[in-house]
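One file, start-v5.cif, carrying mmCIF, C-alpha atoms:
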data_run
#
loop_
_atom_site.label_atom_id
_atom_site.label_comp_id
_atom_site.auth_asym_id
_atom_site.auth_seq_id
_atom_site.Cartn_x
_atom_site.Cartn_y
_atom_site.Cartn_z
CA MET J 186 14.43 -47.18 35.95
CA TYR J 187 17.75 -46.05 34.60
CA ASP J 188 18.71 -42.35 34.73
CA ALA J 189 15.49 -41.45 36.46
CA TRP J 190 16.70 -38.06 37.63
CA LYS J 191 17.82 -37.11 34.13
CA ILE J 192 14.37 -37.91 32.78
CA LEU J 193 12.64 -36.07 35.60
CA VAL J 194 14.80 -32.97 35.17
CA GLY J 195 14.19 -33.10 31.44
CA LEU J 196 10.47 -33.43 31.97
CA ALA J 197 10.45 -30.53 34.41
CA ILE J 198 12.31 -28.30 31.96
CA PHE J 199 9.99 -29.34 29.15
CA LEU J 200 6.85 -28.66 31.17
CA GLY J 201 8.28 -25.35 32.32
CA LEU J 202 8.94 -24.22 28.76
CA PHE J 203 5.69 -25.63 27.46
CA THR J 204 3.58 -23.70 29.95
CA PHE J 205 5.78 -20.61 29.79
CA ALA J 206 3.08 -18.45 28.22
CA PHE J 207 0.61 -19.30 30.97
CA TRP J 208 2.66 -18.55 34.07
CA MET J 209 4.41 -15.63 32.48
CA ASN J 210 1.06 -13.85 32.01
CA ALA J 211 -0.64 -15.20 35.14
CA GLY J 212 -2.51 -12.55 37.07
CA LYS J 213 -1.99 -9.95 34.37
CA ALA J 214 -5.34 -9.75 32.64
CA ALA J 215 -5.31 -7.33 29.73
CA PRO J 216 -7.53 -4.35 30.52
CA ILE J 217 -10.97 -4.50 28.98
CA PRO J 218 -10.90 -2.26 25.91
CA GLU J 219 -12.97 0.86 25.82
CA PRO J 220 -13.45 1.93 22.24
CA LYS J 221 -13.70 5.70 21.92
CA ILE J 222 -16.62 7.39 20.27
CA ASP J 223 -15.42 10.96 20.65
CA THR J 224 -14.75 11.74 17.00
CA PRO J 225 -15.45 15.27 15.73
CA GLU J 226 -18.32 13.98 13.61
CA ILE J 227 -20.05 12.34 16.57
CA LYS J 228 -19.42 15.36 18.81
CA LYS J 229 -21.12 17.56 16.23
CA MET J 230 -24.38 15.65 16.60
CA ALA J 231 -27.01 16.60 19.11
CA GLU J 232 -27.06 14.36 22.18
CA ALA J 233 -30.36 12.74 21.21
CA GLU J 234 -29.17 11.96 17.69
CA ARG J 235 -25.98 10.26 18.76
CA LYS J 236 -27.14 6.84 17.66
CA CYS J 237 -25.51 4.17 15.60
CA VAL J 238 -27.56 2.42 12.92
CA GLU J 239 -28.73 -0.06 15.54
CA ASP J 240 -28.54 0.03 19.33
CA LYS J 241 -25.27 -0.30 21.19
CA HIS J 242 -25.75 -3.85 22.38
CA PHE J 243 -26.72 -5.10 18.93
CA MET J 244 -23.76 -3.36 17.31
CA ARG J 245 -21.37 -4.78 19.89
CA THR J 246 -22.44 -8.35 19.38
CA THR J 247 -23.61 -8.44 15.79
CA HIS J 248 -21.80 -5.73 13.81
CA MET J 249 -19.78 -8.31 11.93
CA GLN J 250 -22.90 -10.05 10.69
CA LEU J 251 -24.56 -6.75 9.87
CA ILE J 252 -21.55 -5.65 7.85
CA ASN J 253 -21.48 -9.00 6.10
CA ASP J 254 -25.16 -8.66 5.17
CA TRP J 255 -24.61 -5.08 4.08
CA ARG J 256 -21.85 -6.10 1.75
CA ASP J 257 -24.01 -8.69 -0.02
CA GLN J 258 -27.06 -6.46 -0.09
CA ALA J 259 -25.24 -3.47 -1.57
CA LEU J 260 -22.86 -5.23 -3.89
CA ARG J 261 -24.73 -8.28 -5.08
CA ASP J 262 -28.36 -7.18 -4.84
CA GLY J 263 -27.61 -3.55 -5.66
CA ASP J 264 -29.79 -2.38 -2.78
CA ARG J 265 -27.91 0.28 -0.88
CA ASP J 266 -30.61 1.31 1.57
CA TYR J 267 -30.73 -0.08 5.08
CA ILE J 268 -33.79 0.44 7.23
CA ASN J 269 -33.07 -0.10 10.90
CA LYS J 270 -35.36 -1.52 13.55
CA LYS J 271 -36.74 1.93 14.24
CA GLY J 272 -37.52 2.54 10.60
CA LYS J 273 -34.73 5.02 9.94
CA LYS J 274 -32.99 4.78 6.58
CA TYR J 275 -29.22 4.61 6.13
CA VAL J 276 -26.99 4.31 3.08
CA ILE J 277 -25.09 1.05 3.11
CA SER J 278 -21.41 1.88 2.92
CA LEU J 279 -18.52 1.06 5.18
CA GLN J 280 -16.45 4.03 4.08
CA ASN J 281 -19.26 6.54 3.69
CA THR J 282 -21.56 5.56 6.55
CA CYS J 283 -19.68 3.67 9.27
CA MET J 284 -16.37 5.46 8.96
CA LYS J 285 -17.91 8.90 8.51
CA CYS J 286 -18.78 8.85 12.23
CA HIS J 287 -16.23 6.34 13.48
CA SER J 288 -13.30 8.05 11.86
CA ASN J 289 -10.98 6.79 14.58
CA LYS J 290 -10.11 3.26 13.50
CA LYS J 291 -7.18 3.01 15.92
CA GLU J 292 -9.22 4.02 18.92
CA PHE J 293 -12.44 2.32 17.88
CA CYS J 294 -12.11 -0.74 15.64
CA ASP J 295 -8.60 -1.77 16.62
CA LYS J 296 -9.23 -1.54 20.36
CA CYS J 297 -11.47 -4.61 20.53
CA HIS J 298 -10.10 -6.39 17.50
CA ASN J 299 -6.65 -6.43 19.04
CA TYR J 300 -8.02 -7.47 22.41
CA THR J 301 -9.87 -10.44 20.94
CA GLY J 302 -7.11 -11.22 18.49
CA VAL J 303 -9.13 -10.91 15.31
CA ALA J 304 -7.72 -9.37 12.16
CA PRO J 305 -10.53 -8.52 9.74
CA TYR J 306 -9.30 -7.76 6.24
CA CYS J 307 -11.66 -4.82 5.65
CA TRP J 308 -8.79 -2.37 5.47
CA ASP J 309 -6.90 -4.20 2.73
CA CYS J 310 -9.25 -2.40 0.36
CA HIS J 311 -11.44 0.00 2.29
CA ILE J 312 -9.63 3.22 3.05
CA VAL J 313 -9.24 4.26 6.65
CA PRO J 314 -10.04 7.93 7.26
CA GLU J 315 -7.07 10.05 8.01
CA GLU J 316 -6.66 10.24 11.76
CA GLU J 317 -5.66 13.58 13.14
CA PRO J 318 -2.60 13.27 15.32
CA LYS J 319 -3.53 14.02 18.90
CA GLY J 320 -1.24 15.00 21.73
CA ASN J 321 -2.49 12.46 24.20
CA GLU J 322 -2.27 9.51 21.86
CA SER J 323 0.01 6.79 23.09
CA MET Q 239 -27.69 -63.23 8.07
CA SER Q 240 -28.79 -65.15 5.07
CA MET Q 241 -30.39 -63.66 2.03
CA ASP Q 242 -32.04 -65.38 -0.83
CA ARG Q 243 -31.56 -64.42 -4.42
CA ARG Q 244 -34.90 -62.61 -4.65
CA GLU Q 245 -34.15 -60.43 -1.59
CA PHE Q 246 -30.71 -59.55 -2.92
CA ILE Q 247 -32.02 -58.38 -6.28
CA LYS Q 248 -34.70 -56.28 -4.56
CA ILE Q 249 -32.19 -54.45 -2.36
CA THR Q 250 -29.72 -53.94 -5.19
CA GLY Q 251 -32.42 -52.61 -7.42
CA LEU Q 252 -33.68 -50.12 -4.86
CA SER Q 253 -30.17 -48.93 -3.98
CA THR Q 254 -29.42 -48.38 -7.62
CA LEU Q 255 -32.60 -46.44 -8.07
CA PHE Q 256 -31.86 -44.06 -5.19
CA GLY Q 257 -28.09 -44.08 -5.36
CA LEU Q 258 -27.41 -43.69 -9.04
CA ALA Q 259 -30.54 -41.98 -10.19
CA GLY Q 260 -30.59 -39.61 -7.18
CA LYS Q 261 -32.81 -36.68 -7.91
CA GLY Q 262 -34.26 -38.52 -10.88
CA ALA Q 263 -35.62 -41.24 -8.62
CA PHE Q 264 -37.36 -38.64 -6.52
CA GLU Q 265 -38.89 -37.16 -9.63
CA LEU Q 266 -40.10 -40.57 -10.67
CA LEU Q 267 -41.79 -41.40 -7.39
CA ARG Q 268 -42.93 -37.97 -6.15
CA PRO Q 269 -42.88 -35.60 -9.12
CA GLY Q 270 -42.38 -31.94 -8.27
CA VAL Q 271 -41.83 -32.39 -4.53
CA LEU Q 272 -38.08 -31.82 -4.57
CA ASP Q 273 -38.22 -28.72 -6.75
CA ALA Q 274 -40.86 -27.19 -4.52
CA ALA Q 275 -38.70 -27.80 -1.44
CA GLU Q 276 -35.67 -26.25 -3.09
CA HIS Q 277 -37.41 -23.06 -4.09
CA GLY Q 278 -39.30 -22.74 -0.83
CA HIS Q 279 -36.33 -21.66 1.24
CA GLY Q 280 -32.62 -21.14 1.05
CA ALA Q 281 -32.73 -18.93 -2.01
CA HIS Q 282 -30.72 -15.75 -1.56
CA ALA Q 283 -33.37 -13.38 -2.81
CA PRO Q 284 -36.76 -14.23 -4.18
CA GLU Q 285 -36.86 -13.59 -7.87
CA GLU Q 286 -39.25 -10.79 -8.58
CA PRO Q 287 -40.23 -9.65 -12.01
CA ALA Q 288 -38.29 -6.47 -12.63
CA GLU Q 289 -40.63 -3.50 -12.46
CA ALA Q 290 -38.82 -1.42 -15.00
CA ALA Q 291 -36.14 -3.42 -16.77
CA ILE Q 292 -33.12 -1.24 -17.31
CA ARG Q 293 -30.25 -2.10 -19.59
CA TRP Q 294 -27.40 0.33 -19.19
CA GLY Q 295 -25.36 1.08 -22.24
CA MET Q 296 -23.08 3.73 -23.68
CA THR Q 297 -22.39 5.35 -27.00
CA ILE Q 298 -19.02 6.78 -27.93
CA ASP Q 299 -18.85 9.47 -30.57
CA VAL Q 300 -15.50 8.47 -31.96
CA GLU Q 301 -14.98 11.63 -34.01
CA LYS Q 302 -15.15 13.84 -30.91
CA PHE Q 303 -11.97 12.25 -29.61
CA SER Q 304 -9.95 13.95 -32.34
CA GLU Q 305 -9.85 16.77 -29.79
CA PRO Q 306 -6.44 16.31 -28.22
CA GLY Q 307 -6.42 15.31 -24.57
CA LEU Q 308 -10.09 14.40 -24.31
CA ALA Q 309 -9.41 10.66 -24.05
CA GLU Q 310 -6.80 11.29 -21.37
CA LYS Q 311 -9.22 13.49 -19.48
CA CYS Q 312 -11.75 10.66 -19.35
CA ILE Q 313 -9.13 8.15 -18.27
CA LYS Q 314 -7.91 10.43 -15.52
CA ALA Q 315 -11.43 11.06 -14.24
CA CYS Q 316 -12.16 7.35 -14.15
CA HIS Q 317 -8.92 6.28 -12.55
CA SER Q 318 -8.91 8.96 -9.89
CA THR Q 319 -12.54 8.24 -9.00
CA HIS Q 320 -11.84 4.56 -8.50
CA ASN Q 321 -8.36 4.71 -7.02
CA VAL Q 322 -6.81 2.87 -9.96
CA PRO Q 323 -3.04 2.67 -9.52
CA ASP Q 324 -0.49 3.61 -12.15
CA PHE Q 325 2.58 1.40 -11.93
CA GLY Q 326 4.20 3.14 -14.87
CA ASN Q 327 4.80 0.02 -16.94
CA SER Q 328 2.52 -2.01 -19.17
CA LYS Q 329 3.44 -5.32 -17.57
CA ASN Q 330 1.85 -4.46 -14.25
CA GLN Q 331 -0.66 -2.03 -15.69
CA VAL Q 332 -4.08 -1.79 -14.08
CA LYS Q 333 -6.66 -0.16 -16.31
CA TRP Q 334 -10.37 0.43 -16.25
CA LEU Q 335 -10.48 2.82 -19.18
CA TRP Q 336 -7.79 3.17 -21.81
CA ARG Q 337 -7.19 4.34 -25.36
CA ASP Q 338 -6.21 2.22 -28.29
CA ASP Q 339 -6.08 2.62 -32.06
CA TYR Q 340 -8.62 1.45 -34.61
CA GLU Q 341 -6.58 -1.55 -35.68
CA HIS Q 342 -6.56 -3.04 -32.19
CA THR Q 343 -10.01 -1.94 -31.11
CA PHE Q 344 -11.67 -3.42 -34.15
CA ALA Q 345 -9.23 -6.18 -34.96
CA GLY Q 346 -10.33 -7.95 -38.12
CA ASN Q 347 -12.13 -4.92 -39.47
CA GLU Q 348 -9.05 -3.04 -40.56
CA ASN Q 349 -7.99 -2.80 -44.17
CA ASP Q 350 -4.79 -1.98 -45.94
CA TYR Q 351 -6.01 1.31 -47.34
CA MET Q 352 -7.40 3.06 -44.32
CA ASP Q 353 -7.53 6.81 -44.14
CA ASP Q 354 -4.93 8.43 -41.95
CA HIS Q 355 -7.49 10.18 -39.82
CA VAL Q 356 -9.17 7.02 -38.50
CA LYS Q 357 -5.79 5.33 -38.22
CA GLU Q 358 -4.67 7.90 -35.70
CA LEU Q 359 -7.93 8.50 -33.91
CA PRO Q 360 -7.93 7.31 -30.29
CA PHE Q 361 -10.64 4.81 -29.40
CA LEU Q 362 -11.73 4.61 -25.79
CA CYS Q 363 -11.87 1.03 -24.54
CA PHE Q 364 -13.32 -0.36 -21.36
CA CYS Q 365 -15.52 -3.19 -20.16
CA ASN Q 366 -18.31 -3.74 -22.67
CA HIS Q 367 -20.75 -5.03 -20.05
CA CYS Q 368 -21.80 -7.81 -22.39
CA ASP Q 369 -25.18 -9.45 -22.45
CA GLU Q 370 -23.38 -12.80 -22.61
CA PRO Q 371 -20.25 -12.09 -20.59
CA PRO Q 372 -17.67 -14.87 -20.94
CA CYS Q 373 -15.91 -13.66 -17.78
CA VAL Q 374 -19.01 -14.44 -15.73
CA ARG Q 375 -19.27 -17.91 -17.19
CA VAL Q 376 -15.73 -18.85 -16.28
CA CYS Q 377 -15.55 -17.32 -12.81
CA PRO Q 378 -15.36 -20.23 -10.35
CA THR Q 379 -16.46 -18.22 -7.31
CA LYS Q 380 -19.14 -16.01 -8.87
CA ALA Q 381 -17.03 -13.04 -7.88
CA THR Q 382 -17.99 -11.48 -11.17
CA PHE Q 383 -21.64 -11.52 -12.04
CA ARG Q 384 -24.20 -9.82 -14.23
CA ARG Q 385 -26.65 -7.52 -12.53
CA PRO Q 386 -30.25 -7.36 -13.75
CA ASP Q 387 -29.50 -3.91 -15.21
CA GLY Q 388 -26.81 -5.41 -17.42
CA ILE Q 389 -23.77 -4.22 -15.52
CA VAL Q 390 -21.10 -6.87 -15.18
CA ALA Q 391 -20.00 -6.27 -11.61
CA MET Q 392 -17.10 -7.50 -9.51
CA ASP Q 393 -17.27 -8.62 -5.89
CA TYR Q 394 -13.67 -8.21 -4.82
CA HIS Q 395 -14.42 -9.94 -1.53
CA ARG Q 396 -14.92 -13.16 -3.42
CA CYS Q 397 -12.20 -12.89 -6.05
CA ILE Q 398 -9.51 -15.51 -5.57
CA GLY Q 399 -7.28 -14.12 -8.31
CA CYS Q 400 -7.40 -17.17 -10.58
CA ARG Q 401 -7.54 -14.88 -13.64
CA PHE Q 402 -9.91 -17.16 -15.59
CA CYS Q 403 -11.98 -14.05 -16.33
CA MET Q 404 -8.95 -12.35 -17.86
CA ALA Q 405 -8.54 -15.31 -20.17
CA GLY Q 406 -12.26 -15.29 -20.87
CA CYS Q 407 -12.61 -11.60 -21.71
CA PRO Q 408 -11.95 -11.05 -25.42
CA TYR Q 409 -11.51 -7.31 -24.92
CA GLY Q 410 -8.66 -7.26 -22.40
CA SER Q 411 -10.85 -5.25 -20.06
CA ARG Q 412 -9.56 -6.89 -16.92
CA SER Q 413 -6.36 -6.27 -15.01
CA PHE Q 414 -4.69 -8.25 -12.29
CA ASN Q 415 -3.17 -6.66 -9.21
CA TRP Q 416 0.31 -8.15 -9.14
CA PHE Q 417 1.23 -5.75 -6.35
CA ASP Q 418 -0.59 -3.91 -3.63
CA PRO Q 419 -2.25 -1.07 -5.57
CA ARG Q 420 -1.62 1.26 -2.64
CA ASP Q 421 2.09 1.12 -3.45
CA ALA Q 422 1.37 3.04 -6.64
CA LEU Q 423 -1.30 5.38 -5.30
CA ASN Q 424 -0.74 8.70 -3.68
CA GLU Q 425 -2.36 8.67 -0.27
CA LYS Q 426 -3.26 12.33 -0.60
CA GLU Q 427 -5.12 11.71 -3.86
CA TYR Q 428 -7.31 8.88 -2.63
CA ASN Q 429 -10.98 9.15 -3.40
CA MET Q 430 -12.08 8.54 0.18
CA GLU Q 431 -15.54 7.49 -0.94
CA PHE Q 432 -14.37 4.46 -2.89
CA PRO Q 433 -12.16 1.57 -1.81
CA THR Q 434 -8.92 0.49 -3.40
CA ARG Q 435 -8.33 -3.12 -4.31
CA MET Q 436 -5.82 -5.48 -2.75
CA LYS Q 437 -2.99 -7.52 -4.15
CA GLY Q 438 -4.20 -10.64 -5.94
CA VAL Q 439 -7.58 -9.62 -7.28
CA VAL Q 440 -8.76 -8.82 -10.80
CA GLU Q 441 -10.41 -5.49 -11.45
CA LYS Q 442 -12.22 -3.68 -14.25
CA CYS Q 443 -14.65 -0.92 -15.13
CA ASN Q 444 -17.88 -1.14 -13.12
CA PHE Q 445 -19.91 1.34 -15.23
CA CYS Q 446 -19.72 3.56 -12.14
CA VAL Q 447 -22.32 1.49 -10.37
CA GLU Q 448 -21.65 3.38 -7.12
CA ARG Q 449 -22.32 6.71 -8.85
CA LEU Q 450 -25.46 5.40 -10.56
CA ALA Q 451 -26.77 4.52 -7.09
CA GLN Q 452 -26.49 8.21 -6.25
CA ASP Q 453 -28.17 9.26 -9.53
CA LYS Q 454 -24.90 10.49 -10.97
CA LEU Q 455 -23.53 9.76 -14.42
CA PRO Q 456 -20.38 7.68 -14.87
CA ALA Q 457 -17.22 9.70 -14.25
CA CYS Q 458 -16.01 9.52 -17.86
CA VAL Q 459 -19.38 10.68 -19.20
CA GLU Q 460 -19.38 13.56 -16.77
CA VAL Q 461 -16.13 14.99 -18.14
CA ALA Q 462 -16.92 14.32 -21.81
CA PRO Q 463 -20.70 14.66 -22.17
CA GLU Q 464 -20.38 15.75 -25.80
CA ALA Q 465 -18.63 12.52 -26.78
CA LEU Q 466 -20.03 9.91 -24.42
CA THR Q 467 -23.69 9.21 -23.79
CA PHE Q 468 -24.88 6.90 -21.08
CA GLY Q 469 -28.42 5.60 -20.90
CA ASP Q 470 -30.97 2.85 -20.87
CA LEU Q 471 -30.88 0.63 -23.94
CA ALA Q 472 -34.15 -1.03 -22.94
CA ASP Q 473 -36.11 2.19 -23.17
CA PRO Q 474 -36.92 3.00 -26.82
CA ASP Q 475 -37.05 6.74 -26.10
CA SER Q 476 -33.87 7.00 -24.07
CA ASN Q 477 -30.99 9.24 -25.06
CA VAL Q 478 -28.82 6.36 -26.26
CA ARG Q 479 -31.60 4.77 -28.27
CA GLN Q 480 -32.36 8.06 -29.98
CA ILE Q 481 -28.72 8.44 -30.94
CA LEU Q 482 -28.49 4.85 -32.14
CA ARG Q 483 -31.58 5.34 -34.26
CA LYS Q 484 -29.94 8.20 -36.13
CA ARG Q 485 -26.30 7.18 -36.29
CA SER Q 486 -24.66 4.01 -37.49
CA SER Q 487 -22.55 2.29 -34.90
CA MET Q 488 -20.02 -0.47 -34.39
CA ARG Q 489 -19.45 -2.82 -31.53
CA ARG Q 490 -16.28 -4.72 -30.70
CA LYS Q 491 -15.85 -8.35 -31.77
CA LEU Q 492 -19.52 -8.98 -32.46
CA GLU Q 493 -18.66 -12.29 -34.10
CA LEU Q 494 -17.96 -13.76 -30.66
CA GLY Q 495 -21.58 -13.40 -29.60
CA THR Q 496 -20.87 -11.55 -26.37
CA LYS Q 497 -23.36 -8.79 -27.25
CA PRO Q 498 -21.50 -5.74 -25.96
CA SER Q 499 -23.46 -2.73 -24.73
CA VAL Q 500 -20.88 -0.14 -25.77
CA PHE Q 501 -21.53 1.38 -29.18
CA TYR Q 502 -18.93 3.26 -31.22
CA LEU Q 503 -20.65 5.85 -33.41
CA VAL Q 504 -19.07 6.24 -36.83
#
Take the structure in the file and write it out as structure tokens.
Amino acid sequence: MYDAWKILVGLAIFLGLFTFAFWMNAGKAAPIPEPKIDTPEIKKMAEAERKCVEDKHFMRTTHMQLINDWRDQALRDGDRDYINKKGKKYVISLQNTCMKCHSNKKEFCDKCHNYTGVAPYCWDCHIVPEEEPKGNES
Amino acid sequence: MSMDRREFIKITGLSTLFGLAGKGAFELLRPGVLDAAEHGHGAHAPEEPAEAAIRWGMTIDVEKFSEPGLAEKCIKACHSTHNVPDFGNSKNQVKWLWRDDYEHTFAGNENDYMDDHVKELPFLCFCNHCDEPPCVRVCPTKATFRRPDGIVAMDYHRCIGCRFCMAGCPYGSRSFNWFDPRDALNEKEYNMEFPTRMKGVVEKCNFCVERLAQDKLPACVEVAPEALTFGDLADPDSNVRQILRKRSSMRRKLELGTKPSVFYLV
């Protein structure tokens, strides 16, 4: 083989650059996000009433599907009432129901969305509640 | 593999029957089976007979708008309720509700000897929420659709911005967002209960469908109740029907067969 060392050095450099992202971040797992639910609106509620429309596990895994269904139900079928598994009624509205309690998009929505690298386009149209500047915000 | 002439014709014939005739072949052999399967599942919502059929409509008492500023008041109420941007030029204009003159509102009905009063009177224009909306027919994604209560609604999530509906609408009721509407909106004046739109979608009056859901009247009617009346055209005793029984009215471009539900009282 002619110029074997040149090829090998070239290959080594190529592999090094190609896998750069992997060894650069090796051993540095991003911390698991902890979305905050300490908004004034939630704090105002009594401890027993501090419930989302469905239970925590369901919301964590399925909120995207729920929101998708909500959108079609409210907009296309004109039915703006949601009855949850426990029989409680909610008004279907991202801005007026979800974001009334979760008024901290940066500390709630964005935390996990950034971690998992998803960029939902909700906020292109739906207005994010004004977030009060806090001293301890990084 | 060898095949005789008889076999070949059999296979060709059967393939043609199922291949070309498709659904028709099914109908021929097992009538009704396919239709039953289609309606059994997969439909978005089962079609129920409407309990009380509502047909929303509006009457506009044109004469009342001789009061200066009333038209503008309605426009402002509408546009601030729905976060409609004002780009300050007609090229990029986004409008849900606007004023025009008689000649343009009722094009084809004008004459050379019109009285000055009507000539100068402002006519409020907005989506007519037609019974036969051409915008709905041309929309390739069903982003715009007609609700059972007659409101021609927009699903901005589905709009791809092709603007076929703008070409289809004979009333110019639809506007395209050439820019991000938030560029022309004041953040402090947002109506936090209603979304904005995004760049690249078409928007129009929605007959305040979100307010109707809360048992409120449309925003324009709320600020000008003496001039605008909103009600159910399907109910013979409703407020709009009572008005229409007593007063003569005009609708825009009736000759096109769109059947508008906005009546101008003259």
Residues within 10 Å of range 331-346 of chain Q, please, as a PDB file with C-alpha atoms, keeping the file's coordinate frame. Count only C-alpha atoms; anything in the same chain fewer than 6 positions from it doesn't count.
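As written to disk, result24.pdb reads:
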ATOM      1  CA  ALA Q 309      -9.410  10.660 -24.050  1.00  0.00           C
ATOM      2  CA  GLU Q 310      -6.800  11.290 -21.370  1.00  0.00           C
ATOM      3  CA  CYS Q 312     -11.750  10.660 -19.350  1.00  0.00           C
ATOM      4  CA  ILE Q 313      -9.130   8.150 -18.270  1.00  0.00           C
ATOM      5  CA  LYS Q 314      -7.910  10.430 -15.520  1.00  0.00           C
ATOM      6  CA  ALA Q 315     -11.430  11.060 -14.240  1.00  0.00           C
ATOM      7  CA  CYS Q 316     -12.160   7.350 -14.150  1.00  0.00           C
ATOM      8  CA  HIS Q 317      -8.920   6.280 -12.550  1.00  0.00           C
ATOM      9  CA  HIS Q 320     -11.840   4.560  -8.500  1.00  0.00           C
ATOM     10  CA  VAL Q 322      -6.810   2.870  -9.960  1.00  0.00           C
ATOM     11  CA  PRO Q 323      -3.040   2.670  -9.520  1.00  0.00           C
ATOM     12  CA  ASP Q 324      -0.490   3.610 -12.150  1.00  0.00           C
ATOM     13  CA  PHE Q 325       2.580   1.400 -11.930  1.00  0.00           C
ATOM     14  CA  MET Q 352      -7.400   3.060 -44.320  1.00  0.00           C
ATOM     15  CA  VAL Q 356      -9.170   7.020 -38.500  1.00  0.00           C
ATOM     16  CA  LYS Q 357      -5.790   5.330 -38.220  1.00  0.00           C
ATOM     17  CA  GLU Q 358      -4.670   7.900 -35.700  1.00  0.00           C
ATOM     18  CA  LEU Q 359      -7.930   8.500 -33.910  1.00  0.00           C
ATOM     19  CA  PRO Q 360      -7.930   7.310 -30.290  1.00  0.00           C
ATOM     20  CA  PHE Q 361     -10.640   4.810 -29.400  1.00  0.00           C
ATOM     21  CA  LEU Q 362     -11.730   4.610 -25.790  1.00  0.00           C
ATOM     22  CA  CYS Q 363     -11.870   1.030 -24.540  1.00  0.00           C
ATOM     23  CA  PHE Q 364     -13.320  -0.360 -21.360  1.00  0.00           C
ATOM     24  CA  CYS Q 365     -15.520  -3.190 -20.160  1.00  0.00           C
ATOM     25  CA  TYR Q 409     -11.510  -7.310 -24.920  1.00  0.00           C
ATOM     26  CA  GLY Q 410      -8.660  -7.260 -22.400  1.00  0.00           C
ATOM     27  CA  SER Q 411     -10.850  -5.250 -20.060  1.00  0.00           C
ATOM     28  CA  ARG Q 412      -9.560  -6.890 -16.920  1.00  0.00           C
ATOM     29  CA  SER Q 413      -6.360  -6.270 -15.010  1.00  0.00           C
ATOM     30  CA  PHE Q 414      -4.690  -8.250 -12.290  1.00  0.00           C
ATOM     31  CA  ASN Q 415      -3.170  -6.660  -9.210  1.00  0.00           C
ATOM     32  CA  TRP Q 416       0.310  -8.150  -9.140  1.00  0.00           C
ATOM     33  CA  PRO Q 419      -2.250  -1.070  -5.570  1.00  0.00           C
ATOM     34  CA  VAL Q 440      -8.760  -8.820 -10.800  1.00  0.00           C
ATOM     35  CA  GLU Q 441     -10.410  -5.490 -11.450  1.00  0.00           C
ATOM     36  CA  LYS Q 442     -12.220  -3.680 -14.250  1.00  0.00           C
ATOM     37  CA  CYS Q 443     -14.650  -0.920 -15.130  1.00  0.00           C
ATOM     38  CA  ASN Q 444     -17.880  -1.140 -13.120  1.00  0.00           C
ATOM     39  CA  PHE Q 445     -19.910   1.340 -15.230  1.00  0.00           C
ATOM     40  CA  CYS Q 458     -16.010   9.520 -17.860  1.00  0.00           C
ATOM     41  CA  MET Q 488     -20.020  -0.470 -34.390  1.00  0.00           C
ATOM     42  CA  ARG Q 489     -19.450  -2.820 -31.530  1.00  0.00           C
ATOM     43  CA  ARG Q 490     -16.280  -4.720 -30.700  1.00  0.00           C
ATOM     44  CA  LYS Q 491     -15.850  -8.350 -31.770  1.00  0.00           C
ATOM     45  CA  LEU Q 492     -19.520  -8.980 -32.460  1.00  0.00           C
TER      46      LEU Q 492
END
* Between J:Cys286, J:Val276, J:Leu260, J:Ala233, which has the minimum distance to chain Q (counting only C-alpha atoms)? ->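 Among the listed residues, the smallest separation from chain Q belongs to J:Leu260.
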* Asked: Once you count all atoms listed in the file, which residues of chain J turn out to be within 7 Å of chain Q? Could you give them as a ChimeraX atom specification?
  -> /J:260,280-281,309-312
* One-decimal distance in Å that lies between CA of Ala422 in chain Q and CA of Lys311 in chain Q ->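 Computing it gives 19.7 Å between the two atoms.
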* To do: In Å, rounded to a single decimal, give me how far CA of Cys446 in chain Q is from CA of Ile389 in chain Q.
  =>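 The value is 9.4 Å.
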* Asked: Could you name the residues that touch Phe468 in chain Q at 12 Å or less, counting all atoms listed in the file, but leaving out those on the same chain fewer than 2 positions away, as a ChimeraX atom specification?
  -> /Q:293-299,445-446,450,454-460,462-466,470-471,476-482,499-501
Just need the box for range 377-384 of chain Q, edges along x, y and z, holding every atom the file lists for it with 5 Å tacked onto each side, so centre and edge lengths in Å to one decimal, as JSON.
{"center_x": -19.8, "center_y": -15.0, "center_z": -10.8, "size_x": 18.8, "size_y": 20.4, "size_z": 16.9}
* **the PyMOL selection byres ((chain Q and resi 496) around 6) applied to the shown file, residues as a list in words** =>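 Applied to this file, the PyMOL selection byres ((chain Q and resi 496) around 6) selects Cys368, Glu370, Pro371, Leu494, Gly495, Lys497 and Pro498 of chain Q.
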* Asked: What does the PyMOL selection byres ((chain J and resi 293-297) around 8) select in this file, as a list in words?
  ->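 Given this file, the PyMOL selection byres ((chain J and resi 293-297) around 8) evaluates to Pro218, Glu219, Pro220, Lys221, Ile222, His287, Asn289, Lys290, Lys291, Glu292, His298, Asn299, Tyr300 and Thr301 of chain J.
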* Structure fact -> Separating CA of Asn366 in chain Q from CA of Asp264 in chain J, to the nearest tenth of an Å, is a gap of 23.0 Å
* Asked: Which residues fall under the PyMOL selection byres ((chain J and resi 237) around 12) in this file, as a ChimeraX atom specification?
  -> /J:222,227,230,233-236,238-245,248,269-271,273-275,282-287
If we count all atoms listed in the file, what is near Pro372 in chain Q at a cut-off of 9 Å, once residues fewer than 6 positions away on the same chain are taken out, given as an mmCIF file with C-alpha atoms, in the coordinates of the input?
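And here is the file that came out, result_11.cif:
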data_model
loop_
_atom_site.group_PDB
_atom_site.id
_atom_site.type_symbol
_atom_site.label_atom_id
_atom_site.label_comp_id
_atom_site.auth_asym_id
_atom_site.auth_seq_id
_atom_site.Cartn_x
_atom_site.Cartn_y
_atom_site.Cartn_z
ATOM 1 C CA CYS Q 403 -11.980 -14.050 -16.330
ATOM 2 C CA GLY Q 406 -12.260 -15.290 -20.870
ATOM 3 C CA CYS Q 407 -12.610 -11.600 -21.710
ATOM 4 C CA PRO Q 408 -11.950 -11.050 -25.420
ATOM 5 C CA THR Q 496 -20.870 -11.550 -26.370
#
